[in-house]
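Okay, structure first, notes after.
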Amino acid sequence: MLVSVAYLAFVSLLKLLIRSGRHVDVKDVELLVLRHQLEVLRRQVERPKLRPRDRALMAAAGRLLPPARRHGLLVTPQTLLRWHRGLVRRKWTYPHARPGRPPIDARTRELVLRLARENPRWGYQRIAGELNKLGVGVSPSSVRRLLAHAGLGPAPRRSGPCWREFLRAQAASVVACDFFTVETALLRRYYVLFFIELQTRRVHLAGATTTPNGRWVTQQARNLSLTGALSDVRFLIRDRDSKFVAAFDEVFRTDGVEVILTPFRSPQANAYAERFVRTARAECLDWLLILGPRQLVRVLRVYVDHYNTQRPHRALGRHPPDAILPSAPPPPMAAIQRRDHLGGLLHEYHTVAA
């Protein structure tokens with residue numbers, strides 16, 4: 001009852017003030033009602049989410065209002081001043097150069113991904129070596145980061161221990177030899193004899209036969225001696241296979257080469273030759289069906305030529321053994337052309353002259 005009487009008295013007082021026109025105007029009453037509605041809505045609605053343009057407008061227009069008129073805003077005066085200070089700070093902020101290495105351009109990135117997709121057995125070190133040969137300077141760590149960012153997993157890792165106690169100091173004058181076998185499509189076994197120079201990683205293909213007897217092996221040693229490849233060689237490493245007869249060793253001793261035998265059942269002692277066999281199988285022989293001796297010899301000659309002239313080696317600074325380095329590096333934006341060998345199994349990349 002008392003609340004009703006007070007409410008009626010308050011309404012009568014407002015009507016009297018408005019009709020007298022002395023102190024209260026209709027606009028003042030309207031503002032009073034709107035402010036009270038905003039206060040009611042502020043108690044019911046959660047904290048509003050303001051956009052940057054809303055903050056800019058309220059910060060700029062709110063500073064024009066006197067302090068007594070700012071109590072109807074959605075934010076406090078301290079918030080308005082903080083927004084204004086933020087606007088001034090961004091006005092006087094100049095762009096800074098991004099620290100760190102310069103980003104890799106899009107063309108180089110696409111070239112790295114192209115090499116990785118076209119050669120799934122190449123690791124990031126091999127891709128960096130191929131790019132280095134093409135005149136594109138990209139570090140192996142950058143190649144690895146690009147491959148990981150593109151979701152391309154690492155290539156199968158192959159490790160080959162080396163004979164550190166002796167080969168590091170004598171690699172410049174050491175040649176290793178070994179046999180490996182190839183099974184044809186008709187399950188006929190061929191024995192392949194090869195020689196590899198430890199310093200340059202250059203491979204010399206001796207030949208392939210089904211009957212690697214002492215006479216055939218000795219003849220291959222004579223053929224290698226006639227080519228002059230043993231002029232600077234002092235040591236020859238071979239295993240204790242019975243196919244290497246005394247006449248084979250005598251050919252090298254005649255040229256002043258000392259034959260060193262590896263321990264029994266120790267392939268690690270001839271690690272360079274074993275490594276080449278693993279590489280030849282993984283990159284070439286495991287992906288082909290050999291039908292006969294002529295095809296086998298032709299495939300091996302093509303691969304050995306690719307191995308000596310095009311395939312980068314980490315131990316050689318990611319250069320091929322017989323690389324012919326250009327006098328001036330090609331421009332980084334030069335067109336890249338691909339050459340295929342063995343039906344597209346081997347890919348070689350070259351810059352196209354403008």
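To be explicit about the labels: the chains of the structure tokens are called A, B, and onward in the order shown, and within each one the residues are counted from 1, while ligands get numbers from 1 in the order they are shown.
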- [ ] Pull the strand (DSSP E) assignments for range 215-308 of chain A out of DSSP run on the backbone, and list those residues as a list of chain:residue names.
- [x] A:Phe235, A:Leu236, A:Ile237, A:Arg238, A:Glu258, A:Val259, A:Ile260, A:Leu261
Go ahead and dump the residues you just picked, C-alpha atoms, as a PDB file, in the first residue's frame.
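Here's the written file part-v5.pdb:
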ATOM      1  CA  PHE A 235      97.059 -50.405 -51.703  1.00  0.00           C
ATOM      2  CA  LEU A 236      94.268 -52.721 -52.830  1.00  0.00           C
ATOM      3  CA  ILE A 237      91.707 -53.964 -50.314  1.00  0.00           C
ATOM      4  CA  ARG A 238      89.890 -57.220 -50.991  1.00  0.00           C
ATOM      5  CA  GLU A 258     100.231 -53.885 -52.084  1.00  0.00           C
ATOM      6  CA  VAL A 259      97.248 -56.204 -51.590  1.00  0.00           C
ATOM      7  CA  ILE A 260      95.617 -56.015 -48.134  1.00  0.00           C
ATOM      8  CA  LEU A 261      93.275 -58.797 -47.070  1.00  0.00           C
TER       9      LEU A 261
END
- [ ] Mind checking which residues fall within 8 Å of Ser173 in chain A, counting only C-alpha atoms, ignoring those fewer than 2 positions away in the same chain, and posting them as a VMD selection string?
- [x] chain A and resid 170 to 171 175 197 to 199 232 to 235
Can I get the selected residues back with N, CA and C atoms, as a PDB file, in the first residue's frame?
ATOM      1  N   GLN A 170      94.979 -43.121 -45.654  1.00  0.00           N
ATOM      2  CA  GLN A 170      95.489 -43.686 -46.896  1.00  0.00           C
ATOM      3  C   GLN A 170      94.453 -43.699 -48.020  1.00  0.00           C
ATOM      4  N   ALA A 171      93.350 -42.976 -47.842  1.00  0.00           N
ATOM      5  CA  ALA A 171      92.275 -43.061 -48.829  1.00  0.00           C
ATOM      6  C   ALA A 171      92.701 -42.564 -50.196  1.00  0.00           C
ATOM      7  N   VAL A 175      92.454 -48.506 -53.307  1.00  0.00           N
ATOM      8  CA  VAL A 175      91.367 -49.001 -54.152  1.00  0.00           C
ATOM      9  C   VAL A 175      90.834 -50.260 -53.505  1.00  0.00           C
ATOM     10  N   GLU A 197      87.603 -46.329 -55.994  1.00  0.00           N
ATOM     11  CA  GLU A 197      88.655 -45.504 -55.409  1.00  0.00           C
ATOM     12  C   GLU A 197      88.108 -44.832 -54.145  1.00  0.00           C
ATOM     13  N   LEU A 198      88.815 -44.981 -53.044  1.00  0.00           N
ATOM     14  CA  LEU A 198      88.278 -44.512 -51.772  1.00  0.00           C
ATOM     15  C   LEU A 198      88.261 -43.000 -51.652  1.00  0.00           C
ATOM     16  N   GLN A 199      89.206 -42.315 -52.265  1.00  0.00           N
ATOM     17  CA  GLN A 199      89.241 -40.862 -52.139  1.00  0.00           C
ATOM     18  C   GLN A 199      88.185 -40.196 -53.012  1.00  0.00           C
ATOM     19  N   ASP A 232      98.426 -44.156 -59.443  1.00  0.00           N
ATOM     20  CA  ASP A 232      98.682 -43.532 -58.142  1.00  0.00           C
ATOM     21  C   ASP A 232      98.220 -44.406 -56.984  1.00  0.00           C
ATOM     22  N   VAL A 233      97.949 -45.658 -57.233  1.00  0.00           N
ATOM     23  CA  VAL A 233      97.417 -46.544 -56.193  1.00  0.00           C
ATOM     24  C   VAL A 233      98.565 -47.261 -55.506  1.00  0.00           C
ATOM     25  N   ARG A 234      98.504 -47.347 -54.176  1.00  0.00           N
ATOM     26  CA  ARG A 234      99.521 -48.058 -53.407  1.00  0.00           C
ATOM     27  C   ARG A 234      98.968 -49.303 -52.712  1.00  0.00           C
ATOM     28  N   PHE A 235      97.648 -49.297 -52.437  1.00  0.00           N
ATOM     29  CA  PHE A 235      97.059 -50.405 -51.703  1.00  0.00           C
ATOM     30  C   PHE A 235      95.769 -50.846 -52.394  1.00  0.00           C
TER      31      PHE A 235
END
Against range 244-252 of chain A, which residues of range 128-221 of chain A fall within 10 Å? For each one I want the closest pair of atoms and the distance in Å (one decimal), counting only C-alpha atoms, rows by chain and increasing residue number, as a tab-separated table.
residue	atom	partner	partner_atom	distance
A:Asp178	CA	A:Phe244	CA	9.6
A:Pro212	CA	A:Phe244	CA	9.3
A:Asn213	CA	A:Phe244	CA	8.4
A:Gly214	CA	A:Val245	CA	5.5
A:Arg215	CA	A:Ala247	CA	8.3
A:Trp216	CA	A:Phe248	CA	9.5
A:Val217	CA	A:Phe248	CA	6.6
A:Thr218	CA	A:Phe248	CA	4.5
A:Gln219	CA	A:Phe248	CA	8.1
A:Gln220	CA	A:Phe248	CA	8.7
A:Ala221	CA	A:Phe248	CA	6.4
Do you have, as a Markdown table, the list of residues of range 266-322 of chain A lying at most 12 Å from range 119-123 of chain A, each with its nearest atom pair and that distance in Å to one decimal, counting only C-alpha atoms and ordered by chain then number?
| residue | atom | partner | partner_atom | distance |
| --- | --- | --- | --- | --- |
| A:Thr279 | CA | A:Arg121 | CA | 10.5 |
| A:Arg281 | CA | A:Arg121 | CA | 11.9 |
| A:Ala282 | CA | A:Arg121 | CA | 8.3 |
| A:Glu283 | CA | A:Arg121 | CA | 7.6 |
| A:Cys284 | CA | A:Arg121 | CA | 11.0 |
| A:Trp287 | CA | A:Arg121 | CA | 11.9 |
| A:Arg311 | CA | A:Trp122 | CA | 10.9 |
| A:Pro312 | CA | A:Trp122 | CA | 10.9 |
| A:His313 | CA | A:Gly123 | CA | 11.9 |
| A:Arg314 | CA | A:Gly123 | CA | 11.3 |
Close residues, His341 in chain A itself excluded, 12 Å, only C-alpha atoms, min 6 positions apart in chain, as a PDB file with C-alpha atoms, in the first residue's frame:
ATOM      1  CA  CYS A 284      68.906 -49.448 -59.609  1.00  0.00           C
ATOM      2  CA  ARG A 298      74.251 -52.159 -70.214  1.00  0.00           C
ATOM      3  CA  VAL A 299      72.309 -51.329 -67.026  1.00  0.00           C
ATOM      4  CA  LEU A 300      75.461 -51.412 -64.904  1.00  0.00           C
ATOM      5  CA  ARG A 301      77.381 -49.189 -67.319  1.00  0.00           C
ATOM      6  CA  VAL A 302      74.578 -46.613 -67.329  1.00  0.00           C
ATOM      7  CA  TYR A 303      74.339 -46.636 -63.559  1.00  0.00           C
ATOM      8  CA  VAL A 304      78.104 -46.463 -63.013  1.00  0.00           C
ATOM      9  CA  ASP A 305      78.291 -43.517 -65.403  1.00  0.00           C
ATOM     10  CA  HIS A 306      75.463 -41.841 -63.460  1.00  0.00           C
ATOM     11  CA  GLN A 310      75.907 -37.060 -61.669  1.00  0.00           C
ATOM     12  CA  HIS A 347      66.794 -38.706 -62.994  1.00  0.00           C
ATOM     13  CA  GLU A 348      69.459 -36.132 -63.802  1.00  0.00           C
ATOM     14  CA  TYR A 349      68.845 -32.383 -63.581  1.00  0.00           C
TER      15      TYR A 349
END
Task: Residue nearest Tyr190 in chain A - candidates A:Ala208, A:Ala150, A:Ala116, A:Ala172, atoms counted: only C-alpha atoms - done: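 The shortest atom-to-atom distance to Tyr190 in chain A comes from A:Ala208.
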Open item on the list: Need to verify the contact set: range 186-188 of chain A, 9 Å, only C-alpha atoms, exclusion of same-chain residues closer than 5 positions in sequence. Can you return it as a count of residues only?
Closed with: 4
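Coordinates place CA of Val112 in chain A at a distance of 8.4 Å from CA of Ala128 in chain A.
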Task: In range 177-278 of chain A, DSSP alpha helix (DSSP H) residues written as a ChimeraX atom specification - done: /A:214-226,246-254,271-278
Could you save those same residues with N, CA and C atoms as a tab-separated table (two decimals), in the first residue's frame?
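Written out: part.tsv:
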chain	number	residue	atom	x	y	z
A	214	GLY	N	89.42	-68.20	-61.61
A	214	GLY	CA	90.66	-67.45	-61.45
A	214	GLY	C	91.15	-66.83	-62.74
A	215	ARG	N	90.98	-67.51	-63.85
A	215	ARG	CA	91.45	-66.97	-65.13
A	215	ARG	C	90.67	-65.70	-65.50
A	216	TRP	N	89.35	-65.73	-65.31
A	216	TRP	CA	88.54	-64.56	-65.67
A	216	TRP	C	88.87	-63.39	-64.75
A	217	VAL	N	89.01	-63.63	-63.47
A	217	VAL	CA	89.30	-62.55	-62.52
A	217	VAL	C	90.66	-61.94	-62.82
A	218	THR	N	91.65	-62.76	-63.16
A	218	THR	CA	92.98	-62.24	-63.47
A	218	THR	C	92.95	-61.37	-64.72
A	219	GLN	N	92.17	-61.77	-65.70
A	219	GLN	CA	92.07	-60.98	-66.93
A	219	GLN	C	91.44	-59.61	-66.65
A	220	GLN	N	90.46	-59.55	-65.76
A	220	GLN	CA	89.86	-58.26	-65.42
A	220	GLN	C	90.86	-57.36	-64.72
A	221	ALA	N	91.73	-57.95	-63.92
A	221	ALA	CA	92.77	-57.15	-63.27
A	221	ALA	C	93.74	-56.59	-64.30
A	222	ARG	N	94.10	-57.39	-65.30
A	222	ARG	CA	94.99	-56.89	-66.37
A	222	ARG	C	94.32	-55.75	-67.14
A	223	ASN	N	93.02	-55.91	-67.43
A	223	ASN	CA	92.32	-54.85	-68.16
A	223	ASN	C	92.32	-53.54	-67.37
A	224	LEU	N	92.13	-53.63	-66.08
A	224	LEU	CA	92.15	-52.42	-65.26
A	224	LEU	C	93.54	-51.81	-65.22
A	225	SER	N	94.56	-52.64	-65.19
A	225	SER	CA	95.93	-52.13	-65.17
A	225	SER	C	96.28	-51.42	-66.47
A	226	LEU	N	95.77	-51.92	-67.60
A	226	LEU	CA	96.06	-51.30	-68.89
A	226	LEU	C	95.41	-49.92	-69.04
A	246	ALA	N	96.09	-66.27	-56.76
A	246	ALA	CA	97.41	-65.65	-56.62
A	246	ALA	C	97.79	-64.83	-57.84
A	247	ALA	N	97.38	-65.27	-59.06
A	247	ALA	CA	97.69	-64.51	-60.27
A	247	ALA	C	97.02	-63.14	-60.25
A	248	PHE	N	95.86	-63.05	-59.64
A	248	PHE	CA	95.16	-61.76	-59.51
A	248	PHE	C	96.00	-60.80	-58.68
A	249	ASP	N	96.51	-61.26	-57.54
A	249	ASP	CA	97.34	-60.39	-56.70
A	249	ASP	C	98.65	-60.04	-57.39
A	250	GLU	N	99.18	-60.95	-58.19
A	250	GLU	CA	100.45	-60.70	-58.84
A	250	GLU	C	100.36	-59.57	-59.86
A	251	VAL	N	99.21	-59.42	-60.51
A	251	VAL	CA	99.03	-58.31	-61.46
A	251	VAL	C	99.20	-56.97	-60.74
A	252	PHE	N	98.67	-56.84	-59.56
A	252	PHE	CA	98.77	-55.58	-58.83
A	252	PHE	C	100.16	-55.39	-58.22
A	253	ARG	N	100.76	-56.47	-57.77
A	253	ARG	CA	102.11	-56.32	-57.23
A	253	ARG	C	103.09	-55.88	-58.31
A	254	THR	N	102.86	-56.30	-59.53
A	254	THR	CA	103.71	-55.87	-60.63
A	254	THR	C	103.65	-54.35	-60.82
A	271	ALA	N	84.24	-51.41	-46.20
A	271	ALA	CA	82.96	-50.70	-46.10
A	271	ALA	C	82.62	-49.92	-47.36
A	272	TYR	N	83.61	-49.35	-48.03
A	272	TYR	CA	83.31	-48.53	-49.21
A	272	TYR	C	82.73	-49.38	-50.33
A	273	ALA	N	83.30	-50.55	-50.54
A	273	ALA	CA	82.76	-51.43	-51.57
A	273	ALA	C	81.37	-51.93	-51.18
A	274	GLU	N	81.19	-52.28	-49.92
A	274	GLU	CA	79.88	-52.74	-49.47
A	274	GLU	C	78.83	-51.64	-49.60
A	275	ARG	N	79.26	-50.42	-49.36
A	275	ARG	CA	78.34	-49.30	-49.48
A	275	ARG	C	77.89	-49.10	-50.92
A	276	PHE	N	78.81	-49.23	-51.86
A	276	PHE	CA	78.43	-49.09	-53.26
A	276	PHE	C	77.46	-50.19	-53.66
A	277	VAL	N	77.68	-51.41	-53.21
A	277	VAL	CA	76.76	-52.51	-53.54
A	277	VAL	C	75.36	-52.20	-53.02
A	278	ARG	N	75.29	-51.71	-51.79
A	278	ARG	CA	73.98	-51.35	-51.23
A	278	ARG	C	73.32	-50.23	-52.02
